[in-house]
Each structure stands twice: as C-alpha cells, then as structure tokens.
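Undergrad: Enclosed is the structure file input.cif (mmCIF, C-alpha atoms).
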data_run
#
loop_
_atom_site.label_atom_id
_atom_site.label_comp_id
_atom_site.auth_asym_id
_atom_site.auth_seq_id
_atom_site.Cartn_x
_atom_site.Cartn_y
_atom_site.Cartn_z
CA MET I 1 -10.97 -28.05 -14.41
CA LYS I 2 -8.25 -25.72 -13.19
CA ILE I 3 -8.87 -22.96 -10.62
CA LYS I 4 -6.21 -20.22 -10.39
CA TYR I 5 -5.75 -17.82 -7.47
CA PHE I 6 -3.99 -14.46 -7.47
CA ALA I 7 -2.65 -11.79 -5.12
CA TRP I 8 -4.16 -11.92 -1.62
CA ILE I 9 -6.60 -14.67 -2.61
CA LYS I 10 -3.54 -16.93 -2.63
CA GLU I 11 -2.84 -15.91 0.97
CA ILE I 12 -6.27 -17.34 1.85
CA THR I 13 -6.11 -20.49 -0.28
CA HIS I 14 -2.38 -21.08 0.37
CA LYS I 15 -1.99 -22.27 -3.19
CA ASP I 16 -1.59 -20.81 -6.69
CA PHE I 17 -4.05 -23.16 -8.29
CA GLU I 18 -5.87 -26.41 -7.88
CA ILE I 19 -7.34 -29.00 -10.20
CA ILE I 20 -10.85 -30.41 -9.80
CA HIS I 21 -10.85 -33.81 -11.49
CA ASN I 22 -14.27 -35.24 -10.74
CA ASN I 23 -17.70 -33.82 -10.04
CA HIS I 24 -16.65 -30.35 -11.12
CA PRO I 25 -19.11 -27.51 -10.45
CA LYS I 26 -21.54 -26.98 -13.33
CA ASP I 27 -21.41 -23.17 -13.12
CA ILE I 28 -19.73 -20.23 -11.34
CA SER I 29 -22.43 -20.11 -8.70
CA GLU I 30 -21.79 -23.72 -7.72
CA LEU I 31 -18.04 -23.10 -7.76
CA LYS I 32 -18.48 -20.22 -5.29
CA GLY I 33 -20.33 -22.60 -2.96
CA ILE I 34 -17.47 -25.09 -3.09
CA LEU I 35 -14.85 -22.39 -2.49
CA LYS I 36 -16.73 -20.91 0.45
CA LYS I 37 -16.76 -24.35 2.07
CA SER I 38 -13.04 -24.95 1.43
CA TYR I 39 -11.95 -21.39 2.33
CA PRO I 40 -14.40 -19.78 4.77
CA ASP I 41 -12.38 -16.53 4.71
CA LEU I 42 -13.41 -16.04 1.09
CA GLU I 43 -17.11 -15.77 1.96
CA LYS I 44 -17.09 -12.11 2.99
CA TYR I 45 -15.37 -11.13 -0.27
CA PHE I 46 -17.89 -13.05 -2.34
CA SER I 47 -20.74 -11.37 -0.51
CA LYS I 48 -19.15 -7.93 -0.98
CA ASP I 49 -18.86 -8.79 -4.69
CA ILE I 50 -15.33 -7.43 -5.05
CA LEU I 51 -13.70 -10.48 -6.65
CA ARG I 52 -13.53 -10.95 -10.39
CA PHE I 53 -13.81 -14.21 -12.28
CA ALA I 54 -12.31 -15.08 -15.64
CA ILE I 55 -12.97 -18.21 -17.68
CA ASN I 56 -10.28 -19.13 -20.19
CA LEU I 57 -8.67 -15.66 -19.95
CA GLU I 58 -11.93 -13.75 -20.45
CA TYR I 59 -13.74 -11.76 -17.77
CA ILE I 60 -17.25 -12.88 -16.95
CA SER I 61 -19.81 -10.75 -15.18
CA ASP I 62 -22.78 -13.09 -14.79
CA ASN I 63 -23.05 -16.67 -13.74
CA GLN I 64 -21.85 -18.98 -16.50
CA ASP I 65 -21.72 -22.71 -17.22
CA LEU I 66 -18.42 -24.48 -16.76
CA SER I 67 -16.87 -27.44 -18.55
CA SER I 68 -14.19 -29.80 -17.33
CA THR I 69 -11.46 -28.29 -19.53
CA ASP I 70 -11.99 -24.70 -18.35
CA GLU I 71 -9.34 -22.61 -16.63
CA ILE I 72 -11.09 -20.42 -14.07
CA ALA I 73 -9.29 -17.53 -12.38
CA ILE I 74 -10.43 -15.72 -9.24
CA PHE I 75 -8.81 -12.43 -8.33
CA PRO I 76 -9.09 -9.22 -6.33
CA PRO I 77 -9.25 -5.73 -7.88
CA VAL I 78 -6.23 -5.16 -10.13
CA SER I 79 -3.46 -2.64 -9.47
CA GLY I 80 -1.21 -2.62 -12.51
CA GLY I 81 0.18 0.34 -14.40
CA MET S 1 16.87 49.97 -32.53
CA LYS S 2 17.14 46.51 -34.04
CA ILE S 3 14.47 45.01 -36.29
CA LYS S 4 14.61 41.23 -36.79
CA TYR S 5 12.91 39.31 -39.61
CA PHE S 6 12.00 35.64 -39.68
CA ALA S 7 10.86 32.88 -42.04
CA TRP S 8 9.28 34.18 -45.26
CA ILE S 9 9.44 37.81 -44.07
CA LYS S 10 13.19 37.48 -44.66
CA GLU S 11 12.46 36.46 -48.26
CA ILE S 12 10.73 39.84 -48.68
CA THR S 13 13.25 41.99 -46.79
CA HIS S 14 16.28 40.02 -48.07
CA LYS S 15 17.90 40.45 -44.68
CA ASP S 16 17.80 38.87 -41.23
CA PHE S 17 17.79 42.16 -39.40
CA GLU S 18 18.51 45.84 -39.70
CA ILE S 19 19.49 48.60 -37.32
CA ILE S 20 17.78 51.98 -37.25
CA HIS S 21 20.27 54.45 -35.78
CA ASN S 22 18.55 57.82 -36.06
CA ASN S 23 14.99 59.04 -36.11
CA HIS S 24 13.67 55.69 -35.02
CA PRO S 25 9.88 55.16 -35.12
CA LYS S 26 8.20 56.18 -31.89
CA ASP S 27 5.76 53.25 -31.87
CA ILE S 28 4.78 50.06 -33.71
CA SER S 29 2.29 51.87 -35.86
CA GLU S 30 4.98 54.26 -37.17
CA LEU S 31 7.34 51.29 -37.67
CA LYS S 32 4.73 49.59 -39.85
CA GLY S 33 4.56 52.70 -41.99
CA ILE S 34 8.32 52.72 -42.50
CA LEU S 35 8.38 49.00 -43.33
CA LYS S 36 5.56 49.30 -45.86
CA LYS S 37 7.53 52.01 -47.65
CA SER S 38 10.78 49.98 -47.63
CA TYR S 39 9.12 46.65 -48.47
CA PRO S 40 5.87 47.20 -50.38
CA ASP S 41 5.24 43.42 -50.48
CA LEU S 42 4.71 43.49 -46.71
CA GLU S 43 1.69 45.77 -47.00
CA LYS S 44 -0.86 43.05 -47.78
CA TYR S 45 0.28 41.01 -44.79
CA PHE S 46 0.00 43.97 -42.46
CA SER S 47 -3.50 44.68 -43.71
CA LYS S 48 -4.49 41.02 -43.29
CA ASP S 49 -3.14 41.27 -39.74
CA ILE S 50 -1.37 37.93 -39.89
CA LEU S 51 2.09 39.05 -38.72
CA ARG S 52 3.11 39.07 -35.08
CA PHE S 53 5.35 41.58 -33.37
CA ALA S 54 7.56 41.04 -30.35
CA ILE S 55 9.45 43.70 -28.41
CA ASN S 56 12.43 42.47 -26.39
CA LEU S 57 11.30 38.84 -26.71
CA GLU S 58 7.72 39.50 -25.58
CA TYR S 59 4.65 39.36 -27.81
CA ILE S 60 2.65 42.53 -28.14
CA SER S 61 -0.91 42.74 -29.36
CA ASP S 62 -1.62 46.46 -29.43
CA ASN S 63 0.38 49.41 -30.61
CA GLN S 64 3.21 50.18 -28.21
CA ASP S 65 5.87 52.86 -27.74
CA LEU S 66 9.40 52.04 -28.84
CA SER S 67 12.76 53.12 -27.49
CA SER S 68 16.13 53.24 -29.26
CA THR S 69 17.48 50.18 -27.43
CA ASP S 70 14.53 47.90 -28.29
CA GLU S 71 14.84 44.71 -30.29
CA ILE S 72 11.71 44.35 -32.40
CA ALA S 73 10.87 41.11 -34.19
CA ILE S 74 8.36 40.67 -36.99
CA PHE S 75 7.24 37.22 -37.95
CA PRO S 76 4.62 35.11 -39.70
CA PRO S 77 2.45 32.51 -37.92
CA VAL S 78 4.66 29.97 -36.17
CA SER S 79 4.94 26.29 -37.11
CA GLY S 80 7.07 24.59 -34.46
CA GLY S 81 6.44 21.32 -32.65
CA MET N 1 14.73 22.57 -18.43
CA ILE N 2 14.55 24.07 -21.93
CA LYS N 3 16.96 23.00 -24.67
CA ILE N 4 17.01 24.52 -28.16
CA GLN N 5 19.54 22.52 -30.14
CA LYS N 6 20.56 21.27 -33.57
CA LYS N 7 21.63 17.81 -32.53
CA ASP N 8 19.47 14.75 -31.96
CA PHE N 9 18.63 13.57 -28.44
CA ASN N 10 18.34 10.13 -26.85
CA LEU N 11 15.00 9.62 -25.09
CA GLU N 12 16.34 7.26 -22.42
CA ASN N 13 19.31 9.47 -21.53
CA GLU N 14 17.34 12.71 -21.38
CA ILE N 15 14.62 11.16 -19.21
CA LYS N 16 17.04 9.32 -16.94
CA LYS N 17 18.98 12.51 -16.13
CA ILE N 18 15.83 14.07 -14.70
CA LYS N 19 14.19 10.97 -13.22
CA GLU N 20 17.21 10.08 -11.09
CA LYS N 21 16.88 13.41 -9.27
CA HIS N 22 13.35 12.69 -7.96
CA SER N 23 12.21 9.47 -6.26
CA ASP N 24 8.68 10.83 -5.85
CA ILE N 25 7.95 10.65 -9.60
CA GLY N 26 5.28 8.06 -10.33
CA ALA N 27 4.17 9.19 -13.78
CA LEU N 28 5.78 10.53 -16.92
CA ASN N 29 4.06 11.65 -20.09
CA ILE N 30 6.20 12.34 -23.15
CA PHE N 31 5.31 13.80 -26.50
CA THR N 32 7.71 13.50 -29.43
CA GLY N 33 7.19 14.96 -32.89
CA TYR N 34 8.89 13.63 -36.02
CA VAL N 35 9.44 14.82 -39.59
CA ARG N 36 6.89 12.93 -41.70
CA ASP N 37 7.53 11.59 -45.18
CA PHE N 38 4.37 13.06 -46.67
CA ASN N 39 2.60 16.35 -45.99
CA ASN N 40 0.41 18.77 -47.94
CA SER N 41 -0.03 15.96 -50.52
CA LYS N 42 3.69 16.01 -51.30
CA ASP N 43 6.69 13.79 -50.58
CA VAL N 44 8.90 15.57 -48.07
CA GLU N 45 12.68 15.30 -48.40
CA TYR N 46 13.69 17.41 -45.44
CA ILE N 47 12.65 20.47 -43.50
CA ASN N 48 14.50 23.53 -42.39
CA LEU N 49 13.52 24.70 -38.93
CA GLU N 50 14.21 28.32 -38.17
CA VAL N 51 14.07 29.65 -34.62
CA TYR N 52 14.16 32.98 -32.82
CA LYS N 53 16.24 31.34 -30.14
CA GLU N 54 16.25 33.87 -27.29
CA MET N 55 12.51 34.35 -27.58
CA ALA N 56 11.86 30.62 -27.90
CA VAL N 57 13.65 30.02 -24.60
CA ASN N 58 11.61 32.83 -23.10
CA GLU N 59 8.24 31.57 -24.38
CA LEU N 60 8.88 27.92 -23.61
CA SER N 61 10.02 28.81 -20.08
CA LYS N 62 6.78 30.66 -19.49
CA ILE N 63 4.67 27.79 -20.83
CA LYS N 64 6.68 25.25 -18.82
CA ASN N 65 6.40 27.24 -15.58
CA LYS N 66 2.66 27.67 -16.03
CA ALA N 67 2.29 23.90 -16.56
CA ILE N 68 4.45 23.09 -13.53
CA GLU N 69 2.34 25.40 -11.39
CA ASP N 70 -1.10 24.44 -12.70
CA TRP N 71 -0.54 20.68 -12.56
CA GLY N 72 1.96 20.47 -9.70
CA LEU N 73 4.59 18.84 -11.89
CA ILE N 74 7.74 17.57 -10.20
CA ASP N 75 9.85 18.42 -13.24
CA CYS N 76 9.50 19.23 -16.92
CA LEU N 77 11.78 19.03 -19.93
CA ILE N 78 11.30 20.62 -23.34
CA ILE N 79 13.76 20.00 -26.19
CA HIS N 80 13.18 21.61 -29.60
CA ARG N 81 15.56 21.10 -32.49
CA PHE N 82 16.28 23.53 -35.31
CA GLY N 83 18.19 23.51 -38.61
CA LYS N 84 18.00 20.91 -41.36
CA LEU N 85 16.00 17.85 -40.31
CA TYR N 86 15.29 14.80 -42.47
CA VAL N 87 12.29 12.50 -42.63
CA ASN N 88 12.13 10.35 -39.44
CA ASP N 89 14.18 12.86 -37.43
CA LYS N 90 12.85 13.90 -34.05
CA ILE N 91 11.76 17.55 -33.87
CA VAL N 92 10.52 18.09 -30.35
CA LEU N 93 10.31 16.44 -26.95
CA VAL N 94 8.04 17.46 -24.09
CA ALA N 95 8.32 15.40 -20.89
CA CYS N 96 6.13 16.04 -17.84
CA PHE N 97 7.00 14.30 -14.58
CA SER N 98 4.40 14.07 -11.81
CA SER N 99 3.22 11.92 -8.91
CA HIS N 100 0.06 10.72 -10.66
CA ARG N 101 -0.76 10.11 -14.28
CA ASN N 102 -3.56 12.52 -15.13
CA ASN N 103 -1.48 15.58 -14.31
CA SER N 104 1.35 14.41 -16.55
CA PHE N 105 -1.02 13.83 -19.49
CA GLU N 106 -2.84 17.15 -19.14
CA ALA N 107 0.29 19.22 -18.62
CA CYS N 108 2.00 17.65 -21.64
CA LYS N 109 -1.04 18.33 -23.83
CA TYR N 110 -1.19 21.93 -22.57
CA ILE N 111 2.50 22.52 -23.33
CA MET N 112 2.22 21.08 -26.84
CA ASP N 113 -0.86 23.17 -27.62
CA TYR N 114 0.86 26.40 -26.54
CA LEU N 115 4.17 25.47 -28.09
CA LYS N 116 2.39 25.01 -31.44
CA LYS N 117 0.63 28.36 -31.00
CA ASP N 118 3.30 30.63 -29.53
CA ALA N 119 6.83 29.24 -29.74
CA PRO N 120 8.75 31.16 -32.44
CA PHE N 121 9.77 28.30 -34.74
CA TRP N 122 9.10 28.11 -38.48
CA LYS N 123 9.23 25.01 -40.65
CA LYS N 124 10.00 25.11 -44.34
CA GLU N 125 9.34 21.82 -46.09
CA TYR N 126 11.44 20.81 -49.08
CA TYR N 127 10.01 18.50 -51.76
CA ASN N 128 11.72 17.11 -54.85
CA ASN N 129 10.42 20.12 -56.77
CA GLY N 130 9.88 23.06 -54.51
CA SER N 131 9.41 24.13 -50.93
CA ASN N 132 6.76 25.56 -48.68
CA TRP N 133 6.58 27.44 -45.37
CA LEU N 134 4.22 25.73 -42.97
CA GLU N 135 1.73 27.30 -40.63
CA ASN N 136 0.24 25.61 -37.54
CA SER N 137 -3.52 25.52 -37.46
CA ASN N 138 -5.26 26.32 -34.19
CA MET Y 1 3.25 -5.16 -29.64
CA ILE Y 2 2.69 -6.37 -26.07
CA LYS Y 3 5.59 -7.31 -23.83
CA ILE Y 4 5.20 -8.70 -20.30
CA GLN Y 5 8.68 -8.95 -18.87
CA LYS Y 6 10.79 -8.90 -15.71
CA LYS Y 7 13.67 -6.91 -17.14
CA ASP Y 8 14.00 -3.16 -17.53
CA PHE Y 9 13.63 -1.51 -20.92
CA ASN Y 10 15.41 1.36 -22.69
CA LEU Y 11 12.99 4.02 -23.92
CA GLU Y 12 15.11 5.08 -26.90
CA ASN Y 13 15.70 1.52 -28.10
CA GLU Y 14 12.10 0.39 -27.74
CA ILE Y 15 10.76 3.47 -29.54
CA LYS Y 16 13.39 3.40 -32.28
CA LYS Y 17 12.61 -0.22 -33.19
CA ILE Y 18 9.04 0.77 -34.00
CA LYS Y 19 9.64 4.26 -35.39
CA GLU Y 20 12.10 3.07 -38.01
CA LYS Y 21 9.39 0.88 -39.58
CA HIS Y 22 7.05 3.82 -40.35
CA SER Y 23 8.04 7.09 -42.03
CA ASP Y 24 4.49 8.41 -41.77
CA ILE Y 25 4.66 8.79 -37.99
CA GLY Y 26 4.50 12.46 -37.01
CA ALA Y 27 3.50 12.13 -33.36
CA LEU Y 28 4.30 9.87 -30.44
CA ASN Y 29 2.80 9.96 -26.98
CA ILE Y 30 4.41 7.86 -24.27
CA PHE Y 31 3.32 7.14 -20.74
CA THR Y 32 5.75 5.63 -18.25
CA GLY Y 33 4.96 4.65 -14.66
CA TYR Y 34 7.59 4.35 -11.93
CA VAL Y 35 7.78 2.89 -8.43
CA ARG Y 36 7.48 5.86 -6.03
CA ASP Y 37 9.38 6.23 -2.77
CA PHE Y 38 6.30 7.11 -0.72
CA ASN Y 39 2.74 5.83 -0.92
CA ASN Y 40 -0.16 5.33 1.50
CA SER Y 41 1.78 7.58 3.92
CA LYS Y 42 4.61 5.06 4.10
CA ASP Y 43 8.16 4.80 2.79
CA VAL Y 44 8.23 2.18 0.07
CA GLU Y 45 11.25 -0.12 -0.23
CA TYR Y 46 10.14 -2.20 -3.17
CA ILE Y 47 7.05 -3.71 -4.74
CA ASN Y 48 6.25 -7.16 -5.93
CA LEU Y 49 4.20 -7.19 -9.11
CA GLU Y 50 2.20 -10.32 -9.76
CA VAL Y 51 0.67 -11.00 -13.15
CA TYR Y 52 -1.74 -13.47 -14.74
CA LYS Y 53 0.44 -13.44 -17.81
CA GLU Y 54 -1.65 -15.19 -20.47
CA MET Y 55 -4.69 -13.13 -19.56
CA ALA Y 56 -2.67 -9.88 -19.36
CA VAL Y 57 -1.47 -10.44 -22.93
CA ASN Y 58 -5.06 -11.12 -23.93
CA GLU Y 59 -6.53 -8.04 -22.19
CA LEU Y 60 -3.77 -5.65 -23.28
CA SER Y 61 -4.07 -6.86 -26.88
CA LYS Y 62 -7.78 -6.10 -26.85
CA ILE Y 63 -7.23 -2.63 -25.36
CA LYS Y 64 -4.40 -1.92 -27.82
CA ASN Y 65 -6.42 -3.06 -30.84
CA LYS Y 66 -9.37 -0.94 -29.78
CA ALA Y 67 -7.10 2.12 -29.43
CA ILE Y 68 -5.45 1.49 -32.82
CA GLU Y 69 -8.86 1.26 -34.44
CA ASP Y 70 -10.56 4.16 -32.66
CA TRP Y 71 -7.70 6.66 -33.12
CA GLY Y 72 -6.18 5.32 -36.33
CA LEU Y 73 -2.81 4.70 -34.71
CA ILE Y 74 0.07 3.70 -36.95
CA ASP Y 75 1.55 1.48 -34.24
CA CYS Y 76 1.34 0.89 -30.51
CA LEU Y 77 3.64 -0.65 -27.91
CA ILE Y 78 2.77 -1.74 -24.37
CA ILE Y 79 5.44 -3.05 -21.99
CA HIS Y 80 4.51 -4.09 -18.45
CA ARG Y 81 7.04 -5.43 -16.00
CA PHE Y 82 6.42 -7.91 -13.18
CA GLY Y 83 8.38 -9.33 -10.25
CA LYS Y 84 10.37 -7.42 -7.66
CA LEU Y 85 10.74 -3.74 -8.56
CA TYR Y 86 12.55 -1.11 -6.51
CA VAL Y 87 11.88 2.60 -6.02
CA ASN Y 88 12.67 4.50 -9.26
CA ASP Y 89 12.22 1.38 -11.41
CA LYS Y 90 10.01 1.67 -14.47
CA ILE Y 91 6.80 -0.35 -14.26
CA VAL Y 92 4.96 0.27 -17.50
CA LEU Y 93 5.35 1.84 -20.93
CA VAL Y 94 2.55 2.74 -23.33
CA ALA Y 95 3.60 4.31 -26.63
CA CYS Y 96 1.08 5.45 -29.27
CA PHE Y 97 2.35 6.38 -32.72
CA SER Y 98 0.14 8.42 -35.06
CA SER Y 99 0.22 10.99 -37.84
CA HIS Y 100 -1.03 13.86 -35.68
CA ARG Y 101 -0.67 14.63 -32.02
CA ASN Y 102 -4.19 14.61 -30.59
CA ASN Y 103 -4.78 10.99 -31.55
CA SER Y 104 -1.57 9.87 -29.87
CA PHE Y 105 -2.49 11.69 -26.63
CA GLU Y 106 -6.05 10.41 -26.48
CA ALA Y 107 -5.18 6.83 -27.37
CA CYS Y 108 -2.41 6.69 -24.76
CA LYS Y 109 -4.76 8.06 -22.08
CA TYR Y 110 -7.41 5.51 -23.07
CA ILE Y 111 -4.97 2.61 -22.88
CA MET Y 112 -3.67 3.65 -19.46
CA ASP Y 113 -7.20 4.05 -18.09
CA TYR Y 114 -8.21 0.56 -19.22
CA LEU Y 115 -4.92 -1.01 -18.28
CA LYS Y 116 -5.39 0.31 -14.73
CA LYS Y 117 -8.95 -1.03 -14.68
CA ASP Y 118 -8.72 -4.39 -16.41
CA ALA Y 119 -5.17 -5.68 -16.84
CA PRO Y 120 -4.60 -8.53 -14.36
CA PHE Y 121 -1.61 -7.19 -12.44
CA TRP Y 122 -1.36 -6.84 -8.65
CA LYS Y 123 1.11 -4.72 -6.72
CA LYS Y 124 2.19 -5.52 -3.19
CA GLU Y 125 4.15 -2.71 -1.57
CA TYR Y 126 6.83 -3.50 0.97
CA TYR Y 127 7.73 -0.99 3.70
CA ASN Y 128 10.40 -1.25 6.39
CA ASN Y 129 7.77 -2.80 8.67
CA GLY Y 130 5.06 -4.51 6.70
CA SER Y 131 3.44 -4.78 3.31
CA ASN Y 132 0.20 -3.99 1.60
CA TRP Y 133 -1.70 -5.09 -1.50
CA LEU Y 134 -2.71 -2.10 -3.61
CA GLU Y 135 -5.96 -1.52 -5.41
CA ASN Y 136 -6.44 0.91 -8.31
CA SER Y 137 -9.18 3.45 -7.81
CA ASN Y 138 -11.50 4.16 -10.71
#
Turn the structure described in the file into structure tokens.

TA:
Amino acid sequence: MKIKYFAWIKEITHKDFEIIHNNHPKDISELKGILKKSYPDLEKYFSKDILRFAINLEYISDNQDLSSTDEIAIFPPVSGG
Amino acid sequence: MKIKYFAWIKEITHKDFEIIHNNHPKDISELKGILKKSYPDLEKYFSKDILRFAINLEYISDNQDLSSTDEIAIFPPVSGG
Amino acid sequence: MIKIQKKDFNLENEIKKIKEKHSDIGALNIFTGYVRDFNNSKDVEYINLEVYKEMAVNELSKIKNKAIEDWGLIDCLIIHRFGKLYVNDKIVLVACFSSHRNNSFEACKYIMDYLKKDAPFWKKEYYNNGSNWLENSN
Amino acid sequence: MIKIQKKDFNLENEIKKIKEKHSDIGALNIFTGYVRDFNNSKDVEYINLEVYKEMAVNELSKIKNKAIEDWGLIDCLIIHRFGKLYVNDKIVLVACFSSHRNNSFEACKYIMDYLKKDAPFWKKEYYNNGSNWLENSN
C-alpha cells in the first residue's frame, strides 16, 4: 500500500510518499488513526475535515475499504487554474 | 448629403452611395419617401421595418432632422462575428 | 484596441502584445469565430464580409468601453476581418483581460452578443450553386 | 486532449493543430490563466505549481468528457503547466471548439470552474520575504 502526500502535507510528513508493507490499515478511518499517531500535526486538519483523500486516482468522500495494492493520496484544498 | 448603401440594399440601388446636392430631404421620413420613389423594391423593406438607419456613424431609431453635411447609411440586419 | 482588417491574425502574437504591457492580468477569455464548411443546409465555399468600416470602429469602441467599465477589464482587443474569407478562416477575435476569471468570461460574452447585434458587418455565403446574405438571429 | 507539462505553449500553434482537423468548427472559446504580479497584498516573484499528475489527467479527462457531452463540443483542449512559473507566465489553457458560440462559452466556464475545484494542483507563491500555499475559493 502506497500513501502519497502533496503540497503542505509534505511539509508535515517530510516525505512525498511512503509504503506500508505489512498490517496495512483496512479502511480510510484506520489509516487516519495511523497517520495521526505518526504525524500529530495532521490531527487538527483531519478534525477540521479539510483534507481530501483519493484511492487509485479517484476522490472518495466516505470511509472506504483498502487493499494492499491501493495507492492512497492525501491532500489539502487544490489551487490550480 | 451622402447616402450610403450596404449588403443587399446595394443590389437594389446598384450603387454604394449617392450624393444629394440640392433640395435634400429635411428628415429621415422625407428621405424614405425619396428612396421609395427611386427604388420601388425598397418599399416592402421599409414597411416591414427591417432596415436600420445611421446618421454620421450613429444608429437612430426615430425620425430625425437631417443637414446637408450628414452621412446617412441604410442597411439590412447585420451578420458579423 | 479595435482592428478591422483583411489579413489573418496570429492568436499568440496578438495576445502577447497586450499581455506584456500588464503584469496584473490573471485571466484572459478569448472568443474566435471561424467560417464553417456547412450552413443553412448547404456546403459553403467562401464568404464575402462587407463592413461599414468607420461605423464598425465606432460601434465596437463603444461596446468595448462599456465592457471595460462594467467588468473592470485591464485591457480588451477586438479584431474583425472583412473581404473574401474561406472555410476554416478566422473571422473575429475578442480578447478580454482581467484580474480574475469571471469578469473576463462575462465581458467577452457581452461583447460578442452586442457585436452580433450592432456591429455593421454583413456576410454573404457562396455555395457551389448560389449565394445568400446572412442575418444574425437575436 | 489533456496536456500536463512544464514548458510554455503557443496559443496559435495549439489551437491550429486542433482547428485544422475540423471544418465544422464555427466558434472557439479560450480561457488562459497567468501568474499575477500581486496577490494576497504581496508582490509575487514566482510560484511553484505542484501536481498529482496521473490523477490530474484522470480528473481533467472526466471534466472534459462531461463538457463535450453536455455542450456537444467538436473538440476540447486543456493544458496545465506545473513547476516554477514566473510573473506573466501562462498557467492554464482551456479551449472549447463548437459549431455555435454559446456552447463554447458555457463549456469553457464549466471546465474552469471544475478544474479550480477538483484538479489536483497546488500553487505556492513566493514573495521577496516568504511564501504561501494558495487555496481556491468556491
């Protein structure tokens, strides 16, 4: 399972991505728990609900099950255009 | 006084413009009368009210007085763009 | 700026000339019209575009100035060609430069609507057997 | 067509490549966004545009296909740059080709609105003393 970080999330995680090889979280909710533990600064953004998640290049809005081959992306509000 | 014709009006008048030197019409209404006499085919378009008049490059909607130095244009509905 | 001309124009060059004067431009909306191959259920070969040039400059300037004022445009360019134009040729360009995007979209739409209604241009379409004066609908 | 690229693009060349494939195009609406010299009450020196490229292609394709379908576009081009961009640089191009003008305007507006909302790009502005991540308002 690959987790990708973008924009100022990267400034909190200090990495572009990471790979979870074993005991990967079974859903987004569990993943959030893991991330909050690894990166306490992320907690306030999770609770304010301003981050977006994508699984395999598709936005998700609700909690969703994860499989070991998924690419999950976590990012702040976009500002393209 | 100069009268300019455009688009298919020219195909009725067989000229781009003409100059009225003496006894020029005192207003648009009198000019219409003169034009109907010179170009009977124009009459039906005047009565259908589909032609537009401009005096010195400005549209007019009502009857208006004319002076000897005016440039009057008569044209069908536009189709630019 | 208003240009009434026979010759073709290059989008990049026309836009660049204006853009490089203003570093506060964030948004640009452009409309371009082309001669289509098929109209009024007939194959078009070319059109002839007639213009009352002095009045066209006058009308387009008024429309442009109103758009600049109402939407706070930074700059605005209108180019309208005339003469014999073939299928695929550009006919018109309207470019509205502003700080933010909505103003550029709305101003460009406004200018095109009024240009179609009031600018003294007339198109005659030529087919392989005949021709026809066009009339813009409202 | 969707292009996510670092390099600049030439409006005339990009448009011409598409236009010459379709003689039924009568109308083209283009939106272009630029890096502005002043934003958030600060002088901007440059921006860095980050992208989640695979997902951007995916999202922009969906938005483009929806616009093509809903407004019957003949063709549609979206170019979005990323990387370090200076004041006056182009950021984005959306070009909507249709038979008639209203569809090109509305489709282009639709694409820009959704691009601003959903396309995974992030701008960081750099000033002479500091920097700031931007966030599009809705």

Undergrad: Could you name the residues that touch Ile55 of chain S at 7 Å or less, counting all atoms listed in the file, but leaving out those on the same chain fewer than 5 positions away, as a ChimeraX atom specification?

TA: /S:60,70-73

Undergrad: Using all atoms listed in the file and a cut-off of 9 Å, which residues of chain I sit close to chain Y? Please list them as a VMD selection string.

TA: chain I and resid 6 to 8 54 56 to 58 73 75 to 81

Undergrad: With a distance threshold of 7 Å and counting all atoms listed in the file, extract the residues of chain Y near chain N and express them as a ChimeraX atom specification.

TA: /Y:10-12,23-38,87-88

Undergrad: Could you tell me how far atom CA of Ile111 of chain N lies from atom CA of Ile63 of chain N, in Å and to one decimal?

TA: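 That distance, rounded to one decimal, is 6.2 Å.
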
Undergrad: Just how far from atom CA of Tyr86 of chain Y is atom CA of Gln5 of chain Y, in Å to one decimal?

TA: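 These atoms are spaced 15.1 Å apart.
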
Undergrad: Taking 4 positions as the minimum chain separation for residues in the same chain, which residues sit within 10 Å of Lys42 of chain N when counting all atoms listed in the file? Answer as a PDB file with C-alpha atoms, in the coordinates of the input.

TA:
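Output file selection.pdb follows:
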ATOM      1  CA  ASP N  37       7.530  11.590 -45.180  1.00  0.00           C
ATOM      2  CA  PHE N  38       4.370  13.060 -46.670  1.00  0.00           C
ATOM      3  CA  GLU N 125       9.340  21.820 -46.090  1.00  0.00           C
ATOM      4  CA  TYR N 126      11.440  20.810 -49.080  1.00  0.00           C
ATOM      5  CA  TYR N 127      10.010  18.500 -51.760  1.00  0.00           C
ATOM      6  CA  ASN N 128      11.720  17.110 -54.850  1.00  0.00           C
ATOM      7  CA  ASN N 129      10.420  20.120 -56.770  1.00  0.00           C
ATOM      8  CA  GLY N 130       9.880  23.060 -54.510  1.00  0.00           C
ATOM      9  CA  SER N 131       9.410  24.130 -50.930  1.00  0.00           C
TER      10      SER N 131
END

Undergrad: Find the distance between atom CA of Ile28 of chain I and atom CA of Tyr45 of chain I and write it in Å to one decimal.

TA: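 For atom CA of Ile28 of chain I relative to atom CA of Tyr45 of chain I, the distance reads 15.0 Å.
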
Undergrad: Expand the PyMOL selection byres ((chain S and resi 69) around 12) into the individual residues it matches in the shown file, reporting them as a list in words.

TA: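 Applying the expression gives Met1, Lys2, Ile3, Ile19, Ile20, His21, Asn22, His24, Pro25, Lys26, Ile55, Asn56, Asp65, Leu66, Ser67, Ser68, Asp70, Glu71 and Ile72 of chain S.
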
Undergrad: For Phe46 of chain I, find every residue with an atom within 10 Å (counting only C-alpha atoms), except residues of its own chain fewer than 6 positions away, and show them as number ranges by chain.

TA: I: 32-33, 35-36, 52

Undergrad: If the PyMOL selection byres ((chain I and resi 13) around 12) were run on this exact file, what residues would it hold? Put them as a ChimeraX atom specification.

TA: /I:3-12,14-18,35-42,74-75

Undergrad: Could you write out as an MDAnalysis selection string the residues that the PyMOL selection byres ((chain N and resi 64) around 9) matches in the shown file?

TA: chainID N and resid 1:2 59:63 65:69 76:78 107 111
